[in-house]
file my_file.cif (mmCIF, C-alpha atoms)
data_coords
#
loop_
_atom_site.group_PDB
_atom_site.id
_atom_site.type_symbol
_atom_site.label_atom_id
_atom_site.label_comp_id
_atom_site.auth_asym_id
_atom_site.auth_seq_id
_atom_site.Cartn_x
_atom_site.Cartn_y
_atom_site.Cartn_z
ATOM 1 C CA MET A 48 105.845 125.733 118.187
ATOM 2 C CA ASP A 49 106.883 122.168 118.881
ATOM 3 C CA GLY A 50 105.056 119.418 117.089
ATOM 4 C CA ILE A 51 102.148 117.345 118.387
ATOM 5 C CA ARG A 52 103.272 113.792 118.986
ATOM 6 C CA THR A 53 100.950 110.841 118.370
ATOM 7 C CA ARG A 54 101.367 107.443 116.761
ATOM 8 C CA VAL A 55 100.125 109.034 113.532
ATOM 9 C CA THR A 56 102.929 111.608 113.463
ATOM 10 C CA GLU A 57 105.494 108.987 114.405
ATOM 11 C CA GLN A 58 104.392 106.476 111.781
ATOM 12 C CA LEU A 59 104.003 109.016 108.990
ATOM 13 C CA GLY A 60 107.041 111.102 109.906
ATOM 14 C CA ILE A 61 105.094 114.371 110.128
ATOM 15 C CA ARG A 62 105.101 117.220 112.654
ATOM 16 C CA TYR A 63 101.372 117.643 113.216
ATOM 17 C CA PRO A 64 98.616 114.989 113.050
ATOM 18 C CA ILE A 65 96.734 116.863 110.331
ATOM 19 C CA VAL A 66 96.005 114.944 107.124
ATOM 20 C CA GLN A 67 94.546 116.567 104.036
ATOM 21 C CA GLY A 68 91.761 114.497 102.504
ATOM 22 C CA GLY A 69 91.773 113.036 99.017
ATOM 23 C CA LEU A 70 89.770 115.691 97.210
ATOM 24 C CA ALA A 71 88.815 114.638 93.680
ATOM 25 C CA ARG A 72 90.073 117.127 91.078
ATOM 26 C CA VAL A 73 91.040 119.543 93.881
ATOM 27 C CA ALA A 74 94.031 117.921 95.607
ATOM 28 C CA LYS A 75 96.913 118.138 93.190
ATOM 29 C CA ALA A 76 100.636 118.685 93.687
ATOM 30 C CA GLU A 77 100.413 122.308 94.837
ATOM 31 C CA LEU A 78 98.000 121.621 97.693
ATOM 32 C CA CYS A 79 99.657 118.356 98.647
ATOM 33 C CA ALA A 80 103.114 119.933 98.834
ATOM 34 C CA ALA A 81 101.902 122.971 100.796
ATOM 35 C CA VAL A 82 100.251 120.840 103.490
ATOM 36 C CA SER A 83 103.244 118.525 103.802
ATOM 37 C CA ALA A 84 105.765 121.364 103.876
ATOM 38 C CA ALA A 85 103.834 122.926 106.759
ATOM 39 C CA GLY A 86 104.117 119.767 108.838
ATOM 40 C CA GLY A 87 100.892 117.939 107.981
ATOM 41 C CA LEU A 88 100.371 115.202 105.422
ATOM 42 C CA GLY A 89 99.251 116.288 101.974
ATOM 43 C CA GLN A 90 97.722 113.909 99.451
ATOM 44 C CA ILE A 91 97.374 113.786 95.683
ATOM 45 C CA ALA A 92 93.898 112.712 94.588
ATOM 46 C CA THR A 93 93.903 110.191 91.754
ATOM 47 C CA ALA A 94 90.215 110.822 91.028
ATOM 48 C CA GLY A 95 90.143 113.310 88.192
ATOM 49 C CA LEU A 96 93.597 112.496 86.805
ATOM 50 C CA ALA A 97 93.870 111.261 83.236
ATOM 51 C CA GLY A 98 96.075 108.280 84.006
ATOM 52 C CA ALA A 99 99.215 106.833 85.519
ATOM 53 C CA GLU A 100 101.691 109.148 83.818
ATOM 54 C CA GLU A 101 99.796 112.249 84.917
ATOM 55 C CA LEU A 102 99.977 110.896 88.467
ATOM 56 C CA ARG A 103 103.716 110.351 88.075
ATOM 57 C CA ALA A 104 104.094 113.976 87.013
ATOM 58 C CA GLU A 105 102.113 115.174 90.040
ATOM 59 C CA ILE A 106 104.242 113.049 92.380
ATOM 60 C CA ARG A 107 107.412 114.523 90.945
ATOM 61 C CA LYS A 108 106.031 118.060 91.284
ATOM 62 C CA VAL A 109 105.467 117.423 94.982
ATOM 63 C CA ARG A 110 108.998 116.087 95.382
ATOM 64 C CA ALA A 111 110.385 119.170 93.636
ATOM 65 C CA ALA A 112 108.532 121.402 96.098
ATOM 66 C CA THR A 113 109.187 119.612 99.402
ATOM 67 C CA ASP A 114 111.155 116.741 100.888
ATOM 68 C CA LYS A 115 108.444 116.029 103.470
ATOM 69 C CA PRO A 116 106.263 112.890 103.476
ATOM 70 C CA PHE A 117 103.061 112.895 101.421
ATOM 71 C CA GLY A 118 100.458 110.455 100.179
ATOM 72 C CA VAL A 119 98.384 109.395 97.187
ATOM 73 C CA ASN A 120 94.643 108.765 97.600
ATOM 74 C CA PHE A 121 92.805 106.018 95.693
ATOM 75 C CA PRO A 122 88.991 105.641 95.500
ATOM 76 C CA LEU A 123 88.332 101.921 95.170
ATOM 77 C CA GLY A 124 85.409 100.547 93.209
ATOM 78 C CA ARG A 125 85.037 103.643 91.031
ATOM 79 C CA MET A 126 88.069 103.242 88.793
ATOM 80 C CA ASP A 127 90.755 100.709 87.968
ATOM 81 C CA ILE A 128 93.634 101.819 90.179
ATOM 82 C CA THR A 129 96.104 99.126 89.075
ATOM 83 C CA ALA A 130 98.333 101.226 86.812
ATOM 84 C CA MET A 131 98.297 104.270 89.105
ATOM 85 C CA LEU A 132 99.135 102.146 92.137
ATOM 86 C CA GLU A 133 102.110 100.646 90.316
ATOM 87 C CA VAL A 134 103.385 104.138 89.518
ATOM 88 C CA THR A 135 102.925 105.152 93.146
ATOM 89 C CA LEU A 136 104.970 102.170 94.291
ATOM 90 C CA GLU A 137 107.623 102.786 91.627
ATOM 91 C CA GLU A 138 107.941 106.377 92.823
ATOM 92 C CA LYS A 139 108.219 105.175 96.441
ATOM 93 C CA VAL A 140 105.456 107.410 97.795
ATOM 94 C CA PRO A 141 105.486 106.869 101.574
ATOM 95 C CA VAL A 142 101.717 106.875 102.258
ATOM 96 C CA ILE A 143 98.820 105.343 100.331
ATOM 97 C CA ALA A 144 95.188 106.046 101.260
ATOM 98 C CA LEU A 145 92.376 103.718 100.183
ATOM 99 C CA THR A 146 88.705 104.715 100.224
ATOM 100 C CA ALA A 147 85.269 103.479 99.136
ATOM 101 C CA GLY A 148 85.883 99.794 98.650
ATOM 102 C CA ASN A 149 87.567 96.630 99.891
ATOM 103 C CA PRO A 150 91.188 97.523 100.709
ATOM 104 C CA ALA A 151 92.398 93.987 101.433
ATOM 105 C CA PRO A 152 93.796 93.005 97.986
ATOM 106 C CA TRP A 153 95.449 96.377 97.550
ATOM 107 C CA ILE A 154 97.069 96.315 100.990
ATOM 108 C CA LYS A 155 98.410 92.882 100.074
ATOM 109 C CA ARG A 156 99.877 94.303 96.842
ATOM 110 C CA ILE A 157 101.439 97.247 98.705
ATOM 111 C CA ASN A 158 102.999 94.702 101.071
ATOM 112 C CA GLY A 159 104.543 97.206 103.463
ATOM 113 C CA ALA A 160 106.118 99.393 100.763
ATOM 114 C CA ALA A 161 104.077 102.337 102.066
ATOM 115 C CA LYS A 162 102.017 103.147 105.130
ATOM 116 C CA THR A 163 98.357 102.456 104.428
ATOM 117 C CA LEU A 164 95.474 104.642 105.577
ATOM 118 C CA VAL A 165 91.931 103.356 105.031
ATOM 119 C CA LEU A 166 88.930 105.682 105.189
ATOM 120 C CA ILE A 167 86.000 103.992 106.938
ATOM 121 C CA ALA A 168 82.818 104.867 108.826
ATOM 122 C CA GLY A 169 82.261 103.098 112.120
ATOM 123 C CA PRO A 170 83.830 100.316 114.180
ATOM 124 C CA GLU A 171 82.861 97.329 112.033
ATOM 125 C CA LEU A 172 84.586 98.659 108.932
ATOM 126 C CA ALA A 173 87.533 99.727 111.092
ATOM 127 C CA LYS A 174 87.943 96.150 112.320
ATOM 128 C CA LYS A 175 87.896 94.852 108.744
ATOM 129 C CA ALA A 176 90.544 97.380 107.700
ATOM 130 C CA GLU A 177 92.736 96.405 110.635
ATOM 131 C CA ALA A 178 92.328 92.713 109.818
ATOM 132 C CA ALA A 179 93.333 93.462 106.224
ATOM 133 C CA GLY A 180 96.593 94.982 107.477
ATOM 134 C CA ALA A 181 95.892 98.727 107.395
ATOM 135 C CA ASP A 182 98.375 100.819 109.358
ATOM 136 C CA MET A 183 95.684 103.310 110.394
ATOM 137 C CA VAL A 184 92.096 104.282 109.685
ATOM 138 C CA ALA A 185 90.211 107.564 109.329
ATOM 139 C CA THR A 186 86.597 107.381 110.426
ATOM 140 C CA VAL A 187 84.149 109.866 108.919
ATOM 141 C CA GLY A 188 81.101 111.047 110.820
ATOM 142 C CA PHE A 189 77.761 112.404 109.645
ATOM 143 C CA GLU A 190 79.061 115.990 109.542
ATOM 144 C CA GLY A 191 81.607 115.203 106.858
ATOM 145 C CA GLY A 192 81.666 116.394 103.277
ATOM 146 C CA GLY A 193 81.755 113.986 100.373
ATOM 147 C CA HIS A 194 80.945 110.349 100.977
ATOM 148 C CA ILE A 195 79.985 109.476 104.527
ATOM 149 C CA GLY A 196 78.695 106.373 106.292
ATOM 150 C CA ARG A 197 75.249 104.947 105.726
ATOM 151 C CA SER A 198 74.158 105.752 109.284
ATOM 152 C CA ASP A 199 73.622 109.228 110.687
ATOM 153 C CA GLU A 200 76.198 108.682 113.440
ATOM 154 C CA THR A 201 78.060 111.855 114.319
ATOM 155 C CA SER A 202 81.798 112.144 114.826
ATOM 156 C CA LEU A 203 81.360 112.761 118.561
ATOM 157 C CA VAL A 204 79.830 109.300 118.984
ATOM 158 C CA MET A 205 81.666 107.418 116.241
ATOM 159 C CA ILE A 206 85.249 108.348 117.114
ATOM 160 C CA PRO A 207 85.452 106.784 120.593
ATOM 161 C CA ARG A 208 83.590 103.700 119.366
ATOM 162 C CA VAL A 209 86.142 103.189 116.598
ATOM 163 C CA VAL A 210 89.053 103.860 118.959
ATOM 164 C CA ARG A 211 87.760 101.141 121.293
ATOM 165 C CA ALA A 212 87.291 98.700 118.400
ATOM 166 C CA VAL A 213 90.834 98.651 116.985
ATOM 167 C CA SER A 214 94.414 98.829 118.173
ATOM 168 C CA ILE A 215 95.788 100.765 115.182
ATOM 169 C CA PRO A 216 95.783 104.599 115.188
ATOM 170 C CA VAL A 217 92.536 106.365 114.327
ATOM 171 C CA LEU A 218 92.151 109.689 112.534
ATOM 172 C CA ALA A 219 88.958 111.668 113.075
ATOM 173 C CA SER A 220 87.155 112.978 109.995
ATOM 174 C CA GLY A 221 83.909 114.882 109.561
ATOM 175 C CA GLY A 222 83.378 118.332 111.064
ATOM 176 C CA PHE A 223 87.019 119.304 111.645
ATOM 177 C CA ALA A 224 88.386 122.633 110.463
ATOM 178 C CA ASN A 225 90.337 124.261 113.310
ATOM 179 C CA GLY A 226 92.576 123.647 116.307
ATOM 180 C CA GLU A 227 89.711 123.319 118.734
ATOM 181 C CA GLY A 228 88.422 120.434 116.632
ATOM 182 C CA LEU A 229 91.863 118.829 116.560
ATOM 183 C CA LEU A 230 92.057 119.039 120.353
ATOM 184 C CA ALA A 231 88.563 117.569 120.652
ATOM 185 C CA ALA A 232 89.514 114.678 118.372
ATOM 186 C CA LEU A 233 92.580 113.927 120.477
ATOM 187 C CA SER A 234 90.489 114.011 123.654
ATOM 188 C CA LEU A 235 88.110 111.459 122.112
ATOM 189 C CA GLY A 236 90.991 109.058 121.570
ATOM 190 C CA ALA A 237 91.819 109.793 117.937
ATOM 191 C CA GLU A 238 95.450 110.486 117.103
ATOM 192 C CA GLY A 239 94.872 113.143 114.486
ATOM 193 C CA VAL A 240 92.362 114.511 112.014
ATOM 194 C CA GLU A 241 91.706 114.056 108.307
ATOM 195 C CA MET A 242 90.091 117.120 106.695
ATOM 196 C CA GLY A 243 88.728 117.849 103.251
ATOM 197 C CA THR A 244 86.437 120.874 103.142
ATOM 198 C CA ARG A 245 88.799 123.214 105.029
ATOM 199 C CA PHE A 246 91.559 122.469 102.520
ATOM 200 C CA VAL A 247 89.322 123.225 99.544
ATOM 201 C CA ALA A 248 89.127 126.815 100.793
ATOM 202 C CA THR A 249 92.878 127.354 100.423
ATOM 203 C CA ALA A 250 95.009 129.223 97.937
ATOM 204 C CA GLU A 251 96.668 126.079 96.570
ATOM 205 C CA ALA A 252 93.538 123.991 96.090
ATOM 206 C CA HIS A 253 92.807 123.256 92.428
ATOM 207 C CA ALA A 254 89.240 124.569 92.729
ATOM 208 C CA HIS A 255 87.410 127.448 91.075
ATOM 209 C CA PRO A 256 87.300 130.671 93.146
ATOM 210 C CA ASN A 257 83.494 130.468 93.129
ATOM 211 C CA TYR A 258 83.675 127.111 94.920
ATOM 212 C CA LYS A 259 86.082 128.435 97.523
ATOM 213 C CA GLN A 260 84.015 131.577 98.115
ATOM 214 C CA ALA A 261 80.827 129.545 98.426
ATOM 215 C CA LEU A 262 82.417 127.589 101.280
ATOM 216 C CA VAL A 263 83.388 130.824 103.040
ATOM 217 C CA GLU A 264 79.874 132.226 102.734
ATOM 218 C CA ALA A 265 77.961 129.059 103.642
ATOM 219 C CA GLY A 266 76.695 128.067 107.054
ATOM 220 C CA PRO A 267 76.308 124.446 108.215
ATOM 221 C CA GLY A 268 72.653 124.524 107.170
ATOM 222 C CA ARG A 269 73.706 125.074 103.566
ATOM 223 C CA THR A 270 74.749 121.442 103.116
ATOM 224 C CA MET A 271 72.584 118.473 102.179
ATOM 225 C CA ILE A 272 72.901 114.750 101.517
ATOM 226 C CA ILE A 273 72.333 113.142 98.141
ATOM 227 C CA LYS A 274 72.859 109.607 96.798
ATOM 228 C CA ARG A 275 71.200 107.860 99.739
ATOM 229 C CA THR A 276 69.104 105.790 97.327
ATOM 230 C CA LEU A 277 72.307 104.525 95.720
ATOM 231 C CA GLY A 278 73.587 103.300 99.088
ATOM 232 C CA MET A 279 76.493 105.758 99.038
ATOM 233 C CA PRO A 280 75.317 108.987 100.710
ATOM 234 C CA GLY A 281 77.408 112.101 100.242
ATOM 235 C CA ARG A 282 77.177 115.599 101.688
ATOM 236 C CA VAL A 283 77.205 118.485 99.211
ATOM 237 C CA LEU A 284 76.749 122.227 99.238
ATOM 238 C CA ASP A 285 73.147 122.996 98.453
ATOM 239 C CA SER A 286 72.401 124.251 94.953
ATOM 240 C CA ALA A 287 69.528 124.175 92.511
ATOM 241 C CA TYR A 288 71.151 121.169 90.868
ATOM 242 C CA ALA A 289 71.653 119.225 94.105
ATOM 243 C CA LYS A 290 68.075 119.966 95.175
ATOM 244 C CA ASN A 291 66.845 118.547 91.885
ATOM 245 C CA VAL A 292 68.859 115.356 92.419
ATOM 246 C CA LEU A 293 67.421 114.972 95.912
ATOM 247 C CA ALA A 294 63.880 115.638 94.667
ATOM 248 C CA ARG A 295 64.223 112.875 92.077
ATOM 249 C CA GLU A 296 65.547 110.479 94.704
ATOM 250 C CA THR A 297 62.687 111.361 97.044
ATOM 251 C CA ALA A 298 60.197 110.747 94.225
ATOM 252 C CA GLY A 299 61.590 107.240 93.771
ATOM 253 C CA ALA A 300 63.577 107.681 90.571
ATOM 254 C CA PRO A 301 65.478 104.495 89.615
ATOM 255 C CA SER A 302 69.246 104.343 90.002
ATOM 256 C CA GLU A 303 69.792 104.430 86.235
ATOM 257 C CA GLU A 304 68.232 107.889 86.235
ATOM 258 C CA ILE A 305 70.243 109.148 89.228
ATOM 259 C CA VAL A 306 73.704 107.813 88.366
ATOM 260 C CA PRO A 307 74.286 110.083 85.322
ATOM 261 C CA LEU A 308 73.269 113.102 87.418
ATOM 262 C CA ILE A 309 76.094 112.566 89.914
ATOM 263 C CA ALA A 310 78.895 111.752 87.479
ATOM 264 C CA GLY A 311 82.351 113.222 87.974
ATOM 265 C CA THR A 312 81.937 115.294 84.833
ATOM 266 C CA VAL A 313 78.970 117.034 86.457
ATOM 267 C CA ASN A 314 80.939 117.626 89.657
ATOM 268 C CA ALA A 315 83.676 119.237 87.538
ATOM 269 C CA ILE A 316 81.231 121.874 86.301
ATOM 270 C CA GLY A 317 81.290 123.251 89.839
ATOM 271 C CA THR A 318 84.824 122.443 90.970
ATOM 272 C CA ASP A 319 86.572 123.496 87.751
ATOM 273 C CA GLU A 320 84.204 125.931 86.050
ATOM 274 C CA GLY A 321 82.561 127.538 89.076
ATOM 275 C CA ARG A 322 78.994 127.140 87.799
ATOM 276 C CA MET A 323 77.724 126.371 91.252
ATOM 277 C CA GLU A 324 73.980 126.206 90.614
ATOM 278 C CA GLU A 325 74.440 123.887 87.625
ATOM 279 C CA SER A 326 76.393 121.254 89.522
ATOM 280 C CA PHE A 327 77.050 119.681 92.904
ATOM 281 C CA VAL A 328 80.221 120.106 94.972
ATOM 282 C CA TRP A 329 81.227 118.283 98.129
ATOM 283 C CA ALA A 330 81.148 120.187 101.417
ATOM 284 C CA GLY A 331 80.896 119.280 105.092
ATOM 285 C CA GLN A 332 79.081 121.039 107.895
ATOM 286 C CA CYS A 333 82.394 122.582 108.954
ATOM 287 C CA VAL A 334 81.716 125.288 106.352
ATOM 288 C CA GLY A 335 80.260 127.105 109.360
ATOM 289 C CA LEU A 336 83.820 127.368 110.715
ATOM 290 C CA ILE A 337 85.468 128.645 107.523
ATOM 291 C CA ASP A 338 85.720 132.440 107.334
ATOM 292 C CA GLU A 339 88.347 133.002 104.648
ATOM 293 C CA VAL A 340 90.473 131.419 101.967
ATOM 294 C CA LEU A 341 93.988 130.935 103.370
ATOM 295 C CA PRO A 342 97.268 129.418 102.248
ATOM 296 C CA ALA A 343 97.200 125.731 103.178
ATOM 297 C CA GLY A 344 100.324 126.085 105.281
ATOM 298 C CA GLU A 345 98.657 128.773 107.339
ATOM 299 C CA VAL A 346 95.672 126.497 107.955
ATOM 300 C CA VAL A 347 98.039 123.882 109.397
ATOM 301 C CA ALA A 348 99.979 126.410 111.485
ATOM 302 C CA ARG A 349 96.833 128.036 112.868
ATOM 303 C CA MET A 350 95.346 124.690 113.802
ATOM 304 C CA ALA A 351 98.457 123.677 115.695
ATOM 305 C CA ALA A 352 98.597 127.009 117.547
ATOM 306 C CA GLU A 353 94.873 126.887 118.374
ATOM 307 C CA ALA A 354 95.193 123.355 119.716
ATOM 308 C CA LYS A 355 98.118 124.379 121.902
ATOM 309 C CA ALA A 356 96.187 127.400 123.243
ATOM 310 C CA GLY A 357 93.172 125.214 123.909
ATOM 311 C CA MET A 358 95.312 122.739 125.825
ATOM 312 C CA LYS A 359 96.610 125.518 128.060
ATOM 313 C CA ARG A 360 93.073 126.711 128.708
ATOM 314 C CA LEU A 361 91.966 123.227 129.682
ATOM 315 C CA SER A 362 95.019 122.724 131.861
ATOM 316 C CA ASN A 363 94.081 125.850 133.794
ATOM 317 C CA ALA A 364 90.488 124.639 134.124
ATOM 318 C CA PHE A 365 91.644 121.371 135.734
ATOM 319 C CA ALA A 366 94.380 122.921 137.880
ATOM 320 C CA ASP A 367 94.183 122.189 141.609
#

call {"tool": "encode", "arguments": {"input": "my_file.cif", "output": "structure tokens"}}
result
Amino acid sequence: MDGIRTRVTEQLGIRYPIVQGGLARVAKAELCAAVSAAGGLGQIATAGLAGAEELRAEIRKVRAATDKPFGVNFPLGRMDITAMLEVTLEEKVPVIALTAGNPAPWIKRINGAAKTLVLIAGPELAKKAEAAGADMVATVGFEGGGHIGRSDETSLVMIPRVVRAVSIPVLASGGFANGEGLLAALSLGAEGVEMGTRFVATAEAHAHPNYKQALVEAGPGRTMIIKRTLGMPGRVLDSAYAKNVLARETAGAPSEEIVPLIAGTVNAIGTDEGRMEESFVWAGQCVGLIDEVLPAGEVVARMAAEAKAGMKRLSNAFAD
């Protein structure tokens, strides 16, 4: 089918406004390349990589697999991104995504060498990202997996508020996993979607089969939020481990007791080793829409076809 044209597709040079999220330890070259080759925008996650030269190797793997645009995702405030960002600029990666911190100094360093996408939650942070020079923002609602905003504002309410607040393109994130969701996001004023959980349950994702299967089997009620007491809430798949973390937070445990429990090394026990009850893994409420593990390219193609079919259905509903 023909592509879906928005300012996001035009600015990023992609066919469909479908962006794969920056999934720590999960989004490596194989997933990134598969999403980009299918017409979306894949990303390499820097979280979980050993250093700048490992990132360079991942970038070159993507380039060997596809000539389509792709991005690199940086979590600010949790690691020193300086060396990895320099490698990304040296390798002329066309898109750089910035999350979980102040993007302003990094956007200044990028200085137009790549398109910049900033992940935010809500209109106020969107305005700050726009003022800092971001090319586009992705706003994540309460339904999302991984780190979400500090309010409980859902995507349905947040998206149009962010769209009204800024003039740059907005991607919708949190609760999106299929073409119907993409169409809904577009109708709310967004110009595409950014998805994480759906792309974990793909053949190319660098995640243990137990993690992928758990997403297929889970319903939306199988997710929960931890880390609220740290001021950085995140939605995870429920597990004995995650329930213990939440119980300690509820009991008033100090941050120095909670922080070691949610370290990346603990997350890796689930993502890499598949010991699901001994760890926590990120997952959004859209697990209720995931029925099978698919190739990432098929996820993109299905979403585009579903959105097109949904548009025809709506056109018939509004026909004179």

call {"tool": "resolve_selection", "arguments": {"input": "my_file.cif", "expression": "the PyMOL selection byres ((chain A and resi 339) around 8)", "output": "number ranges by chain"}}
result
A: 248, 260, 263, 337-338, 340-341

call {"tool": "resolve_selection", "arguments": {"input": "my_file.cif", "expression": "the PyMOL selection byres ((chain A and resi 168) around 7)", "output": "number ranges by chain"}}
result
A: 167, 169, 172, 186-188, 195-196

call {"tool": "resolve_selection", "arguments": {"input": "my_file.cif", "expression": "the PyMOL selection byres ((chain A and resi 355-361) around 9)", "output": "list in words"}}
result
Met48, Ile51, Gly226, Glu227, Leu230, Met350, Ala351, Ala352, Glu353, Ala354, Ser362, Asn363, Ala364, Phe365 and Ala366 of chain A

call {"tool": "axis_aligned_box", "arguments": {"input": "my_file.cif", "around": "segment 89-92 of chain A", "padding_each_side": "5 Å", "output": "lines of an AutoDock Vina configuration file"}}
result
center_x = 96.6
center_y = 114.5
center_z = 98.3
size_x = 15.4
size_y = 13.6
size_z = 17.4

call {"tool": "residues_near_point", "arguments": {"input": "my_file.cif", "point": "(71.2, 120.9, 90.3)", "cutoff": "8 Å", "atoms": "only C-alpha atoms", "output": "PyMOL selection string"}}
result
chain A and resi 286-292+324-327

call {"tool": "write_last_selection", "arguments": {"input": "my_file.cif", "atoms": "C-alpha atoms", "output": "JSON list (two decimals), keeping the file's coordinate frame"}}
result
[["chain", "number", "residue", "atom", "x", "y", "z"],
["A", 286, "SER", "CA", 72.40, 124.25, 94.95],
["A", 287, "ALA", "CA", 69.53, 124.18, 92.51],
["A", 288, "TYR", "CA", 71.15, 121.17, 90.87],
["A", 289, "ALA", "CA", 71.65, 119.22, 94.10],
["A", 290, "LYS", "CA", 68.08, 119.97, 95.18],
["A", 291, "ASN", "CA", 66.84, 118.55, 91.88],
["A", 292, "VAL", "CA", 68.86, 115.36, 92.42],
["A", 324, "GLU", "CA", 73.98, 126.21, 90.61],
["A", 325, "GLU", "CA", 74.44, 123.89, 87.62],
["A", 326, "SER", "CA", 76.39, 121.25, 89.52],
["A", 327, "PHE", "CA", 77.05, 119.68, 92.90]]

call {"tool": "closest_residue", "arguments": {"input": "my_file.cif", "among": "A:Tyr258, A:Phe223, A:Phe246, A:Tyr63", "to": "Pro116 of chain A", "atoms": "all atoms listed in the file"}}
result
A:Tyr63

call {"tool": "closest_residue", "arguments": {"input": "my_file.cif", "among": "A:Ala160, A:Ala237, A:Ala84, A:Val73", "to": "Arg54 of chain A", "atoms": "all atoms listed in the file"}}
result
A:Ala237

call {"tool": "residues_around", "arguments": {"input": "my_file.cif", "residues": "Val247 of chain A", "least_positions_apart": "6", "cutoff": "8 Å", "atoms": "only C-alpha atoms", "output": "list in words"}}
result
Leu70, Val73, His253, Ala254 and Lys259 of chain A

call {"tool": "closest_residue", "arguments": {"input": "my_file.cif", "among": "A:Glu105, A:Asp285, A:Glu200, A:Glu77", "to": "Met323 of chain A", "atoms": "only C-alpha atoms"}}
result
A:Asp285

call {"tool": "closest_residue", "arguments": {"input": "my_file.cif", "among": "A:Met205, A:Ala76, A:Ala310, A:Ala151", "to": "Thr113 of chain A", "atoms": "all atoms listed in the file"}}
result
A:Ala76

call {"tool": "atom_distance", "arguments": {"input": "my_file.cif", "atom1": "atom CA of Arg245 of chain A", "atom2": "atom CA of Ala219 of chain A"}}
result
14.1 Å

call {"tool": "closest_residue", "arguments": {"input": "my_file.cif", "among": "A:Thr56, A:Ser202, A:Thr129, A:Thr146", "to": "Gly69 of chain A", "atoms": "all atoms listed in the file"}}
result
A:Thr146

call {"tool": "closest_residue", "arguments": {"input": "my_file.cif", "among": "A:Leu262, A:Ile61, A:Met131, A:Val283", "to": "Asn314 of chain A", "atoms": "all atoms listed in the file"}}
result
A:Val283

call {"tool": "residues_around", "arguments": {"input": "my_file.cif", "residues": "Arg107 of chain A", "least_positions_apart": "3", "cutoff": "12 Å", "atoms": "only C-alpha atoms", "output": "MDAnalysis selection string"}}
result
chainID A and resid 75:77 79:80 91 100:104 110:114 117 134:135 137:140

call {"tool": "residues_around", "arguments": {"input": "my_file.cif", "residues": "Ile154 of chain A", "least_positions_apart": "2", "cutoff": "9 Å", "atoms": "all atoms listed in the file", "output": "compact mmCIF listing (two decimals) with C-alpha atoms, keeping the file's coordinate frame"}}
result
# COMPACT_ATOMS: atom_id res chain seq x y z
CA LEU A 145 92.38 103.72 100.18
CA PRO A 150 91.19 97.52 100.71
CA ALA A 151 92.40 93.99 101.43
CA PRO A 152 93.80 93.00 97.99
CA ARG A 156 99.88 94.30 96.84
CA ILE A 157 101.44 97.25 98.70
CA ASN A 158 103.00 94.70 101.07
CA GLY A 159 104.54 97.21 103.46
CA THR A 163 98.36 102.46 104.43
CA ALA A 179 93.33 93.46 106.22
CA GLY A 180 96.59 94.98 107.48
CA ALA A 181 95.89 98.73 107.40

call {"tool": "atom_distance", "arguments": {"input": "my_file.cif", "atom1": "atom CA of Leu96 of chain A", "atom2": "atom CA of Gly321 of chain A"}}
result
18.8 Å

call {"tool": "build_atoms", "arguments": {"input": "my_file.cif", "residues": "segment 197-205 of chain A", "atoms": "N, CA, C and O atoms", "output": "JSON list (two decimals), in the coordinates of the input"}}
result
[["chain", "number", "residue", "atom", "x", "y", "z"],
["A", 197, "ARG", "N", 76.67, 105.12, 106.03],
["A", 197, "ARG", "CA", 75.25, 104.95, 105.73],
["A", 197, "ARG", "C", 74.36, 105.25, 106.92],
["A", 197, "ARG", "O", 73.15, 105.38, 106.78],
["A", 198, "SER", "N", 74.94, 105.35, 108.11],
["A", 198, "SER", "CA", 74.16, 105.75, 109.28],
["A", 198, "SER", "C", 74.28, 107.26, 109.45],
["A", 198, "SER", "O", 75.05, 107.92, 108.74],
["A", 199, "ASP", "N", 73.54, 107.79, 110.39],
["A", 199, "ASP", "CA", 73.62, 109.23, 110.69],
["A", 199, "ASP", "C", 74.44, 109.46, 111.95],
["A", 199, "ASP", "O", 74.24, 110.44, 112.66],
["A", 200, "GLU", "N", 75.39, 108.59, 112.22],
["A", 200, "GLU", "CA", 76.20, 108.68, 113.44],
["A", 200, "GLU", "C", 77.19, 109.83, 113.34],
["A", 200, "GLU", "O", 77.97, 109.92, 112.38],
["A", 201, "THR", "N", 77.18, 110.69, 114.33],
["A", 201, "THR", "CA", 78.06, 111.86, 114.32],
["A", 201, "THR", "C", 79.47, 111.49, 114.76],
["A", 201, "THR", "O", 79.69, 110.45, 115.39],
["A", 202, "SER", "N", 80.40, 112.36, 114.46],
["A", 202, "SER", "CA", 81.80, 112.14, 114.83],
["A", 202, "SER", "C", 81.96, 112.00, 116.33],
["A", 202, "SER", "O", 82.76, 111.18, 116.80],
["A", 203, "LEU", "N", 81.23, 112.78, 117.10],
["A", 203, "LEU", "CA", 81.36, 112.76, 118.56],
["A", 203, "LEU", "C", 81.09, 111.38, 119.13],
["A", 203, "LEU", "O", 81.72, 110.96, 120.11],
["A", 204, "VAL", "N", 80.16, 110.65, 118.53],
["A", 204, "VAL", "CA", 79.83, 109.30, 118.98],
["A", 204, "VAL", "C", 80.71, 108.26, 118.30],
["A", 204, "VAL", "O", 81.20, 107.31, 118.92],
["A", 205, "MET", "N", 80.95, 108.43, 117.01],
["A", 205, "MET", "CA", 81.67, 107.42, 116.24],
["A", 205, "MET", "C", 83.13, 107.28, 116.64],
["A", 205, "MET", "O", 83.66, 106.16, 116.74]]
